[in-house]
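The structure file protein_33.txt is reproduced below (compact mmCIF, C-alpha atoms and all ligand atoms).
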# COMPACT_ATOMS: atom_id res chain seq x y z
CA MET A 1 7.56 -8.84 12.37
CA SER A 2 9.28 -9.79 9.11
CA ILE A 3 9.66 -7.27 6.30
CA TYR A 4 7.17 -9.26 4.21
CA GLU A 5 4.64 -9.25 7.06
CA GLU A 6 5.07 -5.51 7.44
CA LEU A 7 4.14 -5.22 3.76
CA GLY A 8 1.13 -7.47 4.27
CA LEU A 9 2.67 -10.37 2.35
CA GLN A 10 3.29 -14.01 3.15
CA PRO A 11 6.44 -15.81 2.02
CA ILE A 12 5.80 -19.01 0.08
CA ILE A 13 7.30 -22.46 -0.18
CA ASN A 14 8.81 -22.56 -3.65
CA ALA A 15 8.35 -26.08 -5.01
CA ALA A 16 8.45 -24.82 -8.61
CA GLY A 17 12.13 -24.01 -9.13
CA THR A 18 14.32 -21.00 -9.80
CA TYR A 19 11.58 -18.93 -11.37
CA THR A 20 12.23 -15.20 -11.57
CA VAL A 21 8.59 -14.48 -10.77
CA LEU A 22 8.93 -16.35 -7.48
CA GLY A 23 12.16 -14.61 -6.46
CA GLY A 24 14.80 -16.55 -8.41
CA SER A 25 16.89 -18.42 -5.87
CA ARG A 26 17.95 -18.27 -2.25
CA MET A 27 21.36 -16.74 -1.51
CA SER A 28 23.66 -18.31 1.06
CA GLU A 29 24.36 -16.56 4.37
CA ALA A 30 27.95 -15.95 3.19
CA THR A 31 26.68 -14.22 0.05
CA LEU A 32 24.21 -12.11 2.03
CA ALA A 33 26.95 -11.11 4.47
CA ALA A 34 29.25 -10.06 1.61
CA MET A 35 26.47 -7.97 0.09
CA CYS A 36 25.81 -6.22 3.42
CA GLU A 37 29.50 -5.55 3.81
CA ALA A 38 29.72 -4.12 0.30
CA ALA A 39 26.72 -1.89 0.96
CA ARG A 40 28.35 -0.25 3.99
CA ASP A 41 31.34 1.24 2.17
CA PHE A 42 31.80 3.37 -0.90
CA ILE A 43 33.96 1.99 -3.66
CA PRO A 44 34.84 3.34 -7.12
CA ILE A 45 32.47 1.25 -9.22
CA ARG A 46 34.81 0.88 -12.21
CA GLU A 47 37.56 -0.46 -9.97
CA LEU A 48 35.21 -2.92 -8.29
CA GLN A 49 33.86 -4.02 -11.63
CA LYS A 50 37.34 -4.69 -13.01
CA ALA A 51 38.33 -6.66 -9.92
CA VAL A 52 35.11 -8.70 -9.82
CA ASN A 53 35.18 -9.48 -13.55
CA ALA A 54 38.81 -10.60 -13.33
CA ALA A 55 38.21 -12.71 -10.22
CA ILE A 56 35.14 -14.39 -11.74
CA ALA A 57 36.98 -15.04 -15.02
CA LYS A 58 39.70 -16.80 -13.06
CA LEU A 59 37.27 -18.81 -10.90
CA THR A 60 35.37 -19.97 -13.98
CA ARG A 61 38.50 -20.70 -16.09
CA ASN A 62 37.59 -18.07 -18.67
CA PRO A 63 39.74 -15.39 -20.33
CA GLY A 64 37.01 -12.76 -19.79
CA ALA A 65 33.85 -12.11 -17.76
CA TYR A 66 31.27 -9.38 -17.09
CA VAL A 67 28.47 -9.11 -14.54
CA PRO A 68 25.23 -7.73 -16.02
CA ASN A 69 21.98 -7.54 -14.08
CA GLY A 70 20.60 -10.71 -15.67
CA ALA A 71 21.12 -13.14 -18.53
CA ALA A 72 18.62 -11.26 -20.69
CA THR A 73 20.65 -8.07 -20.27
CA GLY A 74 23.71 -10.15 -21.11
CA LEU A 75 22.13 -11.01 -24.45
CA TYR A 76 21.35 -7.34 -25.12
CA LEU A 77 24.93 -6.30 -24.35
CA ALA A 78 26.44 -9.23 -26.25
CA VAL A 79 24.53 -8.28 -29.39
CA ALA A 80 25.58 -4.62 -28.96
CA ALA A 81 29.22 -5.75 -28.66
CA ALA A 82 28.83 -7.97 -31.73
CA ILE A 83 27.40 -5.04 -33.71
CA GLU A 84 30.36 -2.88 -32.62
CA ILE A 85 32.73 -5.55 -33.97
CA ARG A 86 30.78 -5.93 -37.22
CA ARG A 87 30.52 -2.17 -37.81
CA LYS A 88 34.17 -1.64 -36.81
CA LYS A 89 33.55 1.34 -34.54
CA PRO A 90 32.63 1.93 -30.90
CA PHE A 91 28.96 1.16 -30.30
CA LYS A 92 28.16 4.77 -29.39
CA TYR A 93 29.08 5.82 -32.94
CA VAL A 94 27.04 3.10 -34.62
CA THR A 95 23.97 4.71 -36.21
CA ARG A 96 20.40 3.54 -35.77
CA ASP A 97 20.40 2.59 -39.41
CA GLU A 98 23.53 0.47 -38.98
CA ILE A 99 21.89 -1.30 -36.04
CA ALA A 100 18.68 -1.82 -38.01
CA ARG A 101 20.64 -3.41 -40.84
CA SER A 102 22.32 -5.80 -38.41
CA HIS A 103 20.86 -9.19 -37.61
CA VAL A 104 21.47 -12.17 -35.41
CA VAL A 105 21.20 -15.62 -36.98
CA LEU A 106 19.39 -18.28 -34.97
CA TYR A 107 17.31 -21.42 -35.38
CA LYS A 108 13.57 -20.89 -35.31
CA ALA A 109 13.49 -23.75 -32.79
CA HIS A 110 15.54 -21.58 -30.39
CA ARG A 111 13.21 -18.55 -30.37
CA ASN A 112 12.00 -17.76 -26.83
CA PRO A 113 10.51 -14.86 -24.86
CA TYR A 114 13.92 -13.77 -23.51
CA ASP A 115 15.30 -13.21 -27.00
CA LEU A 116 12.96 -10.25 -27.56
CA VAL A 117 15.65 -7.95 -26.15
CA VAL A 118 17.45 -8.07 -29.50
CA GLN A 119 14.54 -6.37 -31.20
CA ASN A 120 14.51 -3.74 -28.44
CA LEU A 121 18.07 -2.93 -29.38
CA GLY A 122 16.87 -2.30 -32.93
CA ALA A 123 18.49 -5.32 -34.61
CA SER A 124 16.58 -8.23 -36.09
CA TYR A 125 16.71 -12.01 -36.32
CA ARG A 126 17.37 -14.13 -39.34
CA GLU A 127 15.59 -17.36 -38.47
CA LEU A 128 16.61 -20.71 -39.87
CA GLY A 129 14.53 -23.85 -40.14
CA PHE A 130 10.98 -24.53 -39.07
CA GLY A 131 11.17 -25.55 -35.45
CA ASN A 132 10.44 -29.17 -36.29
CA LEU A 133 12.05 -32.10 -38.06
CA MET A 134 10.37 -31.64 -41.47
CA HIS A 135 13.49 -29.94 -42.80
CA PRO A 136 16.31 -29.78 -40.25
CA VAL A 137 18.79 -26.93 -40.76
CA THR A 138 21.94 -27.95 -42.65
CA VAL A 139 25.49 -26.61 -42.42
CA GLU A 140 24.92 -25.03 -45.88
CA ASP A 141 21.76 -23.29 -44.62
CA LEU A 142 23.71 -21.72 -41.77
CA ASP A 143 26.67 -20.84 -43.95
CA ASN A 144 24.42 -19.11 -46.50
CA ALA A 145 22.50 -17.21 -43.83
CA ILE A 146 25.66 -15.40 -42.71
CA ASP A 147 26.53 -12.23 -44.61
CA ASP A 148 28.10 -8.79 -44.04
CA ASP A 149 25.20 -7.72 -41.81
CA THR A 150 25.37 -10.75 -39.51
CA ALA A 151 26.51 -9.54 -36.10
CA ALA A 152 26.29 -12.84 -34.23
CA VAL A 153 24.82 -16.31 -34.09
CA TYR A 154 22.60 -17.00 -31.07
CA PHE A 155 22.30 -20.49 -29.60
CA ALA A 156 19.90 -21.42 -26.80
CA ALA A 157 21.47 -24.19 -24.72
CA THR A 158 18.47 -25.40 -22.79
CA GLY A 159 16.19 -28.38 -22.35
CA TRP A 160 13.12 -26.88 -23.99
CA VAL A 161 14.35 -26.08 -27.51
CA ALA A 162 12.42 -27.79 -30.29
CA PRO A 163 14.34 -30.04 -32.68
CA GLY A 164 15.45 -28.78 -36.07
CA GLY A 165 18.62 -26.75 -35.39
CA LEU A 166 22.24 -27.84 -35.76
CA PRO A 167 24.16 -28.99 -32.67
CA LEU A 168 26.33 -26.38 -30.96
CA GLU A 169 29.63 -27.88 -32.22
CA GLU A 170 28.60 -27.52 -35.86
CA THR A 171 27.08 -24.10 -35.25
CA ILE A 172 30.31 -22.82 -33.75
CA ALA A 173 32.41 -24.41 -36.52
CA VAL A 174 30.48 -22.60 -39.26
CA ALA A 175 30.25 -19.28 -37.41
CA ARG A 176 33.95 -19.25 -36.54
CA ARG A 177 34.93 -20.03 -40.11
CA ARG A 178 32.90 -16.97 -41.11
CA GLY A 179 34.35 -14.82 -38.32
CA VAL A 180 31.03 -14.34 -36.50
CA PRO A 181 30.81 -14.57 -32.68
CA VAL A 182 28.50 -17.17 -31.16
CA ILE A 183 26.40 -16.15 -28.16
CA VAL A 184 25.34 -19.14 -26.05
CA ASP A 185 22.33 -18.56 -23.84
CA ALA A 186 22.88 -21.05 -21.02
CA ALA A 187 20.97 -18.99 -18.44
CA ALA A 188 19.66 -22.05 -16.61
CA GLN A 189 22.39 -24.58 -17.49
CA LEU A 190 23.97 -24.87 -14.06
CA PRO A 191 24.61 -27.47 -12.75
CA PRO A 192 26.81 -29.05 -13.99
CA VAL A 193 29.56 -26.67 -12.86
CA GLU A 194 31.69 -27.49 -15.95
CA ASN A 195 29.25 -25.52 -18.07
CA LEU A 196 30.91 -22.38 -16.68
CA TRP A 197 33.87 -23.09 -18.98
CA LYS A 198 32.62 -25.78 -21.39
CA TYR A 199 31.05 -23.47 -23.96
CA THR A 200 34.10 -21.18 -24.00
CA GLU A 201 36.32 -24.19 -24.64
CA MET A 202 33.99 -25.13 -27.49
CA GLY A 203 34.56 -21.71 -29.04
CA ALA A 204 31.65 -19.51 -27.96
CA ALA A 205 32.51 -15.79 -27.78
CA THR A 206 30.27 -15.40 -24.75
CA THR A 207 28.01 -17.58 -22.63
CA LEU A 208 25.18 -16.11 -20.58
CA PHE A 209 24.12 -17.38 -17.19
CA SER A 210 21.47 -16.12 -14.82
CA GLY A 211 22.75 -15.09 -11.37
CA GLY A 212 19.41 -15.82 -9.76
CA LYS A 213 19.01 -19.46 -10.75
CA ASP A 214 21.02 -22.40 -9.45
CA LEU A 215 24.10 -20.20 -9.06
CA LYS A 216 22.27 -18.76 -6.03
CA GLY A 217 23.48 -15.25 -6.64
CA PRO A 218 21.43 -12.05 -6.32
CA GLN A 219 18.19 -12.19 -8.30
CA ALA A 220 19.16 -9.05 -10.23
CA SER A 221 22.48 -10.39 -11.47
CA GLY A 222 23.81 -12.34 -14.42
CA LEU A 223 27.09 -13.67 -15.65
CA MET A 224 28.77 -13.45 -19.04
CA VAL A 225 31.95 -15.45 -19.61
CA GLY A 226 34.18 -16.13 -22.59
CA ASP A 227 36.59 -14.34 -24.89
CA ARG A 228 38.61 -11.59 -23.21
CA GLU A 229 38.41 -8.96 -25.96
CA PHE A 230 34.69 -9.55 -26.45
CA HIS A 231 34.06 -8.95 -22.74
CA GLU A 232 36.20 -5.83 -22.76
CA ILE A 233 33.87 -4.45 -25.43
CA VAL A 234 30.85 -5.53 -23.36
CA ALA A 235 32.33 -3.72 -20.33
CA SER A 236 32.86 -0.58 -22.43
CA ILE A 237 29.16 -0.55 -23.43
CA GLY A 238 27.49 -1.79 -20.23
CA PHE A 239 26.95 -0.09 -16.87
CA PRO A 240 28.25 2.40 -15.68
CA ASN A 241 28.87 3.89 -19.15
CA TYR A 242 26.44 6.44 -20.56
CA GLY A 243 24.31 5.16 -23.41
CA ILE A 244 22.45 1.87 -23.35
CA GLY A 245 24.57 0.56 -20.49
CA ARG A 246 23.49 3.31 -18.12
CA MET A 247 19.99 1.96 -17.66
CA MET A 248 21.27 -1.53 -16.83
CA LYS A 249 22.60 -0.67 -13.42
CA VAL A 250 24.41 -3.29 -11.39
CA GLY A 251 25.01 -2.26 -7.79
CA ARG A 252 28.16 -3.00 -5.85
CA GLU A 253 26.07 -5.36 -3.70
CA GLU A 254 25.10 -7.44 -6.75
CA MET A 255 28.65 -7.52 -8.12
CA VAL A 256 30.04 -8.71 -4.81
CA GLY A 257 27.09 -11.07 -4.28
CA LEU A 258 27.59 -12.73 -7.64
CA TYR A 259 31.31 -13.07 -7.04
CA MET A 260 30.63 -14.81 -3.70
CA ALA A 261 27.98 -17.05 -5.28
CA VAL A 262 30.34 -18.12 -8.09
CA LYS A 263 33.13 -18.76 -5.61
CA GLN A 264 30.89 -21.04 -3.55
CA PHE A 265 29.40 -22.70 -6.61
CA VAL A 266 32.77 -23.84 -7.98
CA GLU A 267 33.84 -25.14 -4.55
CA MET A 268 30.51 -26.72 -3.64
CA ASP A 269 29.96 -30.45 -3.07
CA HIS A 270 27.62 -30.92 -6.02
CA ASP A 271 27.21 -34.63 -5.34
CA ALA A 272 25.89 -33.87 -1.85
CA ARG A 273 23.43 -31.35 -3.30
CA TYR A 274 22.33 -33.91 -5.87
CA GLN A 275 21.80 -36.48 -3.13
CA TRP A 276 19.83 -34.03 -0.96
CA ARG A 277 17.50 -33.36 -3.86
CA GLU A 278 17.02 -37.09 -4.50
CA ASP A 279 16.31 -37.55 -0.79
CA GLN A 280 13.47 -35.00 -0.88
CA ILE A 281 11.85 -36.90 -3.74
CA ALA A 282 12.26 -40.19 -1.86
CA ILE A 283 10.63 -38.68 1.26
CA LEU A 284 7.67 -37.50 -0.80
CA SER A 285 7.27 -40.82 -2.67
CA GLU A 286 7.43 -42.80 0.53
CA ALA A 287 4.98 -40.60 2.43
CA LEU A 288 2.35 -40.63 -0.32
CA ARG A 289 2.71 -44.29 -1.30
CA GLU A 290 -0.79 -45.18 -0.10
CA HIS A 291 -2.48 -41.93 -1.09
CA PRO A 292 -5.97 -42.57 -2.45
CA ALA A 293 -5.91 -39.82 -5.08
CA LEU A 294 -2.24 -39.21 -5.91
CA THR A 295 0.77 -41.01 -7.34
CA VAL A 296 4.41 -39.89 -7.15
CA THR A 297 6.88 -40.46 -9.98
CA ARG A 298 10.51 -39.34 -10.16
CA THR A 299 11.24 -37.47 -13.42
CA TYR A 300 14.64 -36.54 -14.84
CA PRO A 301 16.09 -34.19 -16.06
CA ASN A 302 14.01 -31.10 -15.30
CA GLU A 303 12.20 -28.78 -17.72
CA ALA A 304 15.33 -26.70 -18.36
CA GLY A 305 17.40 -29.83 -19.02
CA GLN A 306 19.33 -29.48 -15.76
CA PRO A 307 20.56 -32.73 -14.19
CA ILE A 308 18.10 -32.36 -11.34
CA ALA A 309 15.30 -34.81 -10.59
CA ARG A 310 11.77 -33.71 -9.77
CA ALA A 311 8.75 -35.51 -8.40
CA PHE A 312 5.62 -35.57 -10.50
CA VAL A 313 2.59 -35.80 -8.26
CA GLY A 314 -0.08 -37.16 -10.57
CA LEU A 315 -3.83 -37.40 -10.17
CA LYS A 316 -5.05 -40.99 -10.19
CA ASP A 317 -8.33 -39.89 -11.73
CA ALA A 318 -7.28 -38.70 -15.20
CA GLY A 319 -10.57 -36.85 -15.57
CA ARG A 320 -9.67 -34.39 -12.79
CA ASN A 321 -8.16 -31.02 -13.48
CA ALA A 322 -4.61 -30.24 -12.30
CA ALA A 323 -5.75 -26.72 -11.39
CA GLU A 324 -7.55 -28.24 -8.38
CA LEU A 325 -4.27 -29.60 -7.05
CA VAL A 326 -2.33 -26.42 -7.82
CA GLU A 327 -5.02 -24.46 -5.96
CA HIS A 328 -4.98 -26.83 -2.99
CA LEU A 329 -1.23 -26.26 -2.58
CA ARG A 330 -1.65 -22.50 -3.07
CA ARG A 331 -4.23 -22.31 -0.27
CA ASN A 332 -1.83 -23.89 2.23
CA HIS A 333 -0.26 -21.83 5.04
CA PRO A 334 2.39 -21.04 3.95
CA PRO A 335 1.27 -21.18 0.30
CA ILE A 336 3.07 -23.79 -1.80
CA HIS A 337 3.81 -22.87 -5.41
CA ALA A 338 4.17 -25.70 -7.92
CA TYR A 339 3.40 -25.93 -11.64
CA SER A 340 1.51 -28.53 -13.63
CA GLU A 341 3.07 -27.82 -17.05
CA GLU A 342 -0.23 -28.77 -18.71
CA LEU A 343 -0.09 -32.29 -17.27
CA PRO A 344 -2.61 -34.02 -14.93
CA GLY A 345 -0.65 -33.31 -11.73
CA VAL A 346 2.08 -31.01 -10.39
CA PHE A 347 5.86 -31.10 -10.40
CA ILE A 348 7.54 -30.78 -7.01
CA ASN A 349 11.00 -29.42 -7.75
CA PRO A 350 13.44 -29.87 -4.84
CA MET A 351 15.97 -27.32 -6.14
CA SER A 352 14.42 -24.34 -4.35
CA LEU A 353 13.42 -26.14 -1.16
CA ARG A 354 15.23 -26.05 2.15
CA ASP A 355 15.40 -28.58 4.99
CA GLY A 356 11.97 -29.44 6.35
CA GLU A 357 9.87 -27.85 3.64
CA ILE A 358 9.18 -31.23 2.05
CA ASP A 359 7.38 -32.24 5.27
CA CYS A 360 5.09 -29.27 4.88
CA ILE A 361 4.37 -30.31 1.29
CA VAL A 362 3.69 -33.90 2.40
CA GLU A 363 1.25 -32.66 5.08
CA CYS A 364 -0.59 -30.53 2.57
CA LEU A 365 -0.80 -33.27 -0.07
CA ARG A 366 -2.07 -35.78 2.51
CA ARG A 367 -5.08 -33.51 3.00
CA PHE A 368 -5.91 -33.63 -0.72
CA SER A 369 -8.71 -36.01 -1.54
C1 LIG B 1 16.00 -17.60 -17.20
C2 LIG B 1 16.45 -17.48 -18.62
C3 LIG B 1 16.82 -16.23 -19.14
C4 LIG B 1 16.70 -14.95 -18.36
O1 LIG B 1 17.61 -14.87 -17.31
P1 LIG B 1 17.61 -13.57 -16.37
O2 LIG B 1 18.86 -13.72 -15.57
O3 LIG B 1 16.38 -13.64 -15.53
O4 LIG B 1 17.62 -12.38 -17.24
C5 LIG B 1 17.29 -16.18 -20.44
N1 LIG B 1 17.39 -17.29 -21.20
C6 LIG B 1 17.05 -18.52 -20.74
C7 LIG B 1 17.20 -19.71 -21.63
C8 LIG B 1 16.55 -18.65 -19.43
O5 LIG B 1 16.21 -19.86 -18.97
Go ahead and render the structure in this file as structure tokens.
Ligand SMILES: *Cc1c(COP(=O)(O)O)cnc(C)c1O
Amino acid sequence: MSIYEELGLQPIINAAGTYTVLGGSRMSEATLAAMCEAARDFIPIRELQKAVNAAIAKLTRNPGAYVPNGAATGLYLAVAAAIEIRRKKPFKYVTRDEIARSHVVLYKAHRNPYDLVVQNLGASYRELGFGNLMHPVTVEDLDNAIDDDTAAVYFAATGWVAPGGLPLEETIAVARRRGVPVIVDAAAQLPPVENLWKYTEMGAATTLFSGGKDLKGPQASGLMVGDREFHEIVASIGFPNYGIGRMMKVGREEMVGLYMAVKQFVEMDHDARYQWREDQIAILSEALREHPALTVTRTYPNEAGQPIARAFVGLKDAGRNAAELVEHLRRNHPPIHAYSEELPGVFINPMSLRDGEIDCIVECLRRFS
């Protein structure tokens, strides 16, 4: 009996993608083995952390790195580090009032549910623009928004941002001229693998990645890469230090797991992975070509802007509700999870599938009428 069966649960086929609520991603056997190995022996955590951060920095061609327990925690710690720099004293001596007077500048178009962590820290946002193209933000707008209480500039590098903000190059140029660190949230921007160093080369102080997305690391892990000094400050605030870092525990298993995942990710044959994903879409399109109620269309890139194709399985009858199709997949054994994104159909995302699962999806969709 599997552990999920023992708990009365049934594992699903994840045709949605690397969604945290579905478990993030699937680790490789090599990563799982490394985590088991790490769990068997004690190790001084600070020594492990130093070694892992240095090894990951090297693998990703960055001067500095830190492993938090997720990209959202990375944002929290990055803003804390930026406040330390702005207030010119270790974060533990920064008063609540000094935090409350600190803000992070960002484009309204980049606001998202993950960014709420900044308010939890006690800092605020200074939003620029309107999240549309009525009045796009100018270089002067950004320059004038930065003052003595600006701790950092936040930039969401993702496919779903609304128009209206400046491009990253211009954002970094202005922020650097004003001596303010730029935090790039690229949580889901892998692949391509070059993104692990691209933003640092562009001048970002830190870039945040999720460990549990395409990196295929532990679900409760993240990755921060960039400037060496900035990440030393992050390490001095984050786990295992007392203070805010203490509640953001990262186990030795996660640290080792993320290291293994990064190592494999930089060495991986990304073209072969790309081709496998295309093949899954081709199998689905071919199998459902004559379906009476459904059509299959390849879409690219995906919702996060990753260079990964998906299949959109659309309802021929535009009057039908996509919820019917979502439910049909959900009632399958094993249940298939896929999202409609408010469109008349569902997206089948190959990035979280493994060999053979597409056949199960085909079987299930054939039964839909
Ligand atoms: C997924 C995501 C996050 C959160 O990542 P975690 O590792 O789950 O904390 C933050 N920002 C963006 C843009 C994301 O896509």
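Remark: for A:Gly203, the closest of the candidate residues A:Pro240, A:Asn62, A:Thr138, A:His337 is A:Asn62 (distances computed over all atoms listed in the file).
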Got a sec to check which residues lie within 9 Å of ligand LIG 1 (chain B), using all atoms listed in the file, and send them as number ranges by chain? A: 18-20, 24, 68-75, 112-115, 156-160, 185-189, 208-213, 219-223, 304
Write a file of the selected residues as a PDB file, in the frame of the given file, keeping C-alpha atoms.
ATOM      1  CA  THR A  18      14.320 -21.000  -9.800  1.00  0.00           C
ATOM      2  CA  TYR A  19      11.580 -18.930 -11.370  1.00  0.00           C
ATOM      3  CA  THR A  20      12.230 -15.200 -11.570  1.00  0.00           C
ATOM      4  CA  GLY A  24      14.800 -16.550  -8.410  1.00  0.00           C
ATOM      5  CA  PRO A  68      25.230  -7.730 -16.020  1.00  0.00           C
ATOM      6  CA  ASN A  69      21.980  -7.540 -14.080  1.00  0.00           C
ATOM      7  CA  GLY A  70      20.600 -10.710 -15.670  1.00  0.00           C
ATOM      8  CA  ALA A  71      21.120 -13.140 -18.530  1.00  0.00           C
ATOM      9  CA  ALA A  72      18.620 -11.260 -20.690  1.00  0.00           C
ATOM     10  CA  THR A  73      20.650  -8.070 -20.270  1.00  0.00           C
ATOM     11  CA  GLY A  74      23.710 -10.150 -21.110  1.00  0.00           C
ATOM     12  CA  LEU A  75      22.130 -11.010 -24.450  1.00  0.00           C
ATOM     13  CA  ASN A 112      12.000 -17.760 -26.830  1.00  0.00           C
ATOM     14  CA  PRO A 113      10.510 -14.860 -24.860  1.00  0.00           C
ATOM     15  CA  TYR A 114      13.920 -13.770 -23.510  1.00  0.00           C
ATOM     16  CA  ASP A 115      15.300 -13.210 -27.000  1.00  0.00           C
ATOM     17  CA  ALA A 156      19.900 -21.420 -26.800  1.00  0.00           C
ATOM     18  CA  ALA A 157      21.470 -24.190 -24.720  1.00  0.00           C
ATOM     19  CA  THR A 158      18.470 -25.400 -22.790  1.00  0.00           C
ATOM     20  CA  GLY A 159      16.190 -28.380 -22.350  1.00  0.00           C
ATOM     21  CA  TRP A 160      13.120 -26.880 -23.990  1.00  0.00           C
ATOM     22  CA  ASP A 185      22.330 -18.560 -23.840  1.00  0.00           C
ATOM     23  CA  ALA A 186      22.880 -21.050 -21.020  1.00  0.00           C
ATOM     24  CA  ALA A 187      20.970 -18.990 -18.440  1.00  0.00           C
ATOM     25  CA  ALA A 188      19.660 -22.050 -16.610  1.00  0.00           C
ATOM     26  CA  GLN A 189      22.390 -24.580 -17.490  1.00  0.00           C
ATOM     27  CA  LEU A 208      25.180 -16.110 -20.580  1.00  0.00           C
ATOM     28  CA  PHE A 209      24.120 -17.380 -17.190  1.00  0.00           C
ATOM     29  CA  SER A 210      21.470 -16.120 -14.820  1.00  0.00           C
ATOM     30  CA  GLY A 211      22.750 -15.090 -11.370  1.00  0.00           C
ATOM     31  CA  GLY A 212      19.410 -15.820  -9.760  1.00  0.00           C
ATOM     32  CA  LYS A 213      19.010 -19.460 -10.750  1.00  0.00           C
ATOM     33  CA  GLN A 219      18.190 -12.190  -8.300  1.00  0.00           C
ATOM     34  CA  ALA A 220      19.160  -9.050 -10.230  1.00  0.00           C
ATOM     35  CA  SER A 221      22.480 -10.390 -11.470  1.00  0.00           C
ATOM     36  CA  GLY A 222      23.810 -12.340 -14.420  1.00  0.00           C
ATOM     37  CA  LEU A 223      27.090 -13.670 -15.650  1.00  0.00           C
ATOM     38  CA  ALA A 304      15.330 -26.700 -18.360  1.00  0.00           C
TER      39      ALA A 304
END
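Between A:Ile237 and the residues A:Leu9, A:Ala81, A:Ala15, A:Ile43, the shortest atom-to-atom distance, using only C-alpha atoms, involves A:Ala81.
Atom CA of A:Ala57 to atom CA of A:Lys263 spans 10.8 Å [interatomic distance, one decimal].
The neighbours of stretch 278-281 of chain A here are the residues that come within 8 Å of it, using only C-alpha atoms and leaving out any residue fewer than 5 positions away in the same chain; they are Arg298, Ala309, Arg310, Ala311, Pro350 and Ile358 of chain A.
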Contacts of A:Arg330 at 12 Å (all atoms listed in the file; same-chain gap of 2+ positions) as a ChimeraX atom specification: /A:10-16,323-328,332-339,346,361,364-365
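The residues that lie within 10 Å of the point (18.5, -18.5, -37.3), counting all atoms listed in the file, are A:His103, A:Val104, A:Val105, A:Leu106, A:Tyr107, A:Lys108, A:Ala109, A:His110, A:Arg111, A:Tyr125, A:Arg126, A:Glu127, A:Leu128, A:Gly129, A:Phe130, A:Val137, A:Asp141, A:Leu142, A:Ala145, A:Ile146, A:Val153, A:Tyr154, A:Phe155, A:Gly165.
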Can those selected residues be exported to a file as an mmCIF file, in the frame of the given file so that it contains C-alpha atoms?
data_model
loop_
_atom_site.group_PDB
_atom_site.id
_atom_site.type_symbol
_atom_site.label_atom_id
_atom_site.label_comp_id
_atom_site.auth_asym_id
_atom_site.auth_seq_id
_atom_site.Cartn_x
_atom_site.Cartn_y
_atom_site.Cartn_z
ATOM 1 C CA HIS A 103 20.860 -9.190 -37.610
ATOM 2 C CA VAL A 104 21.470 -12.170 -35.410
ATOM 3 C CA VAL A 105 21.200 -15.620 -36.980
ATOM 4 C CA LEU A 106 19.390 -18.280 -34.970
ATOM 5 C CA TYR A 107 17.310 -21.420 -35.380
ATOM 6 C CA LYS A 108 13.570 -20.890 -35.310
ATOM 7 C CA ALA A 109 13.490 -23.750 -32.790
ATOM 8 C CA HIS A 110 15.540 -21.580 -30.390
ATOM 9 C CA ARG A 111 13.210 -18.550 -30.370
ATOM 10 C CA TYR A 125 16.710 -12.010 -36.320
ATOM 11 C CA ARG A 126 17.370 -14.130 -39.340
ATOM 12 C CA GLU A 127 15.590 -17.360 -38.470
ATOM 13 C CA LEU A 128 16.610 -20.710 -39.870
ATOM 14 C CA GLY A 129 14.530 -23.850 -40.140
ATOM 15 C CA PHE A 130 10.980 -24.530 -39.070
ATOM 16 C CA VAL A 137 18.790 -26.930 -40.760
ATOM 17 C CA ASP A 141 21.760 -23.290 -44.620
ATOM 18 C CA LEU A 142 23.710 -21.720 -41.770
ATOM 19 C CA ALA A 145 22.500 -17.210 -43.830
ATOM 20 C CA ILE A 146 25.660 -15.400 -42.710
ATOM 21 C CA VAL A 153 24.820 -16.310 -34.090
ATOM 22 C CA TYR A 154 22.600 -17.000 -31.070
ATOM 23 C CA PHE A 155 22.300 -20.490 -29.600
ATOM 24 C CA GLY A 165 18.620 -26.750 -35.390
#
I'd like the contact shell of A:Leu59 - 12 Å cut-off, all atoms listed in the file, skipping same-chain residues fewer than 5 positions apart - returned as a PyMOL selection string. chain A and resi 52-54+64-65+193-194+196-197+225+258-267
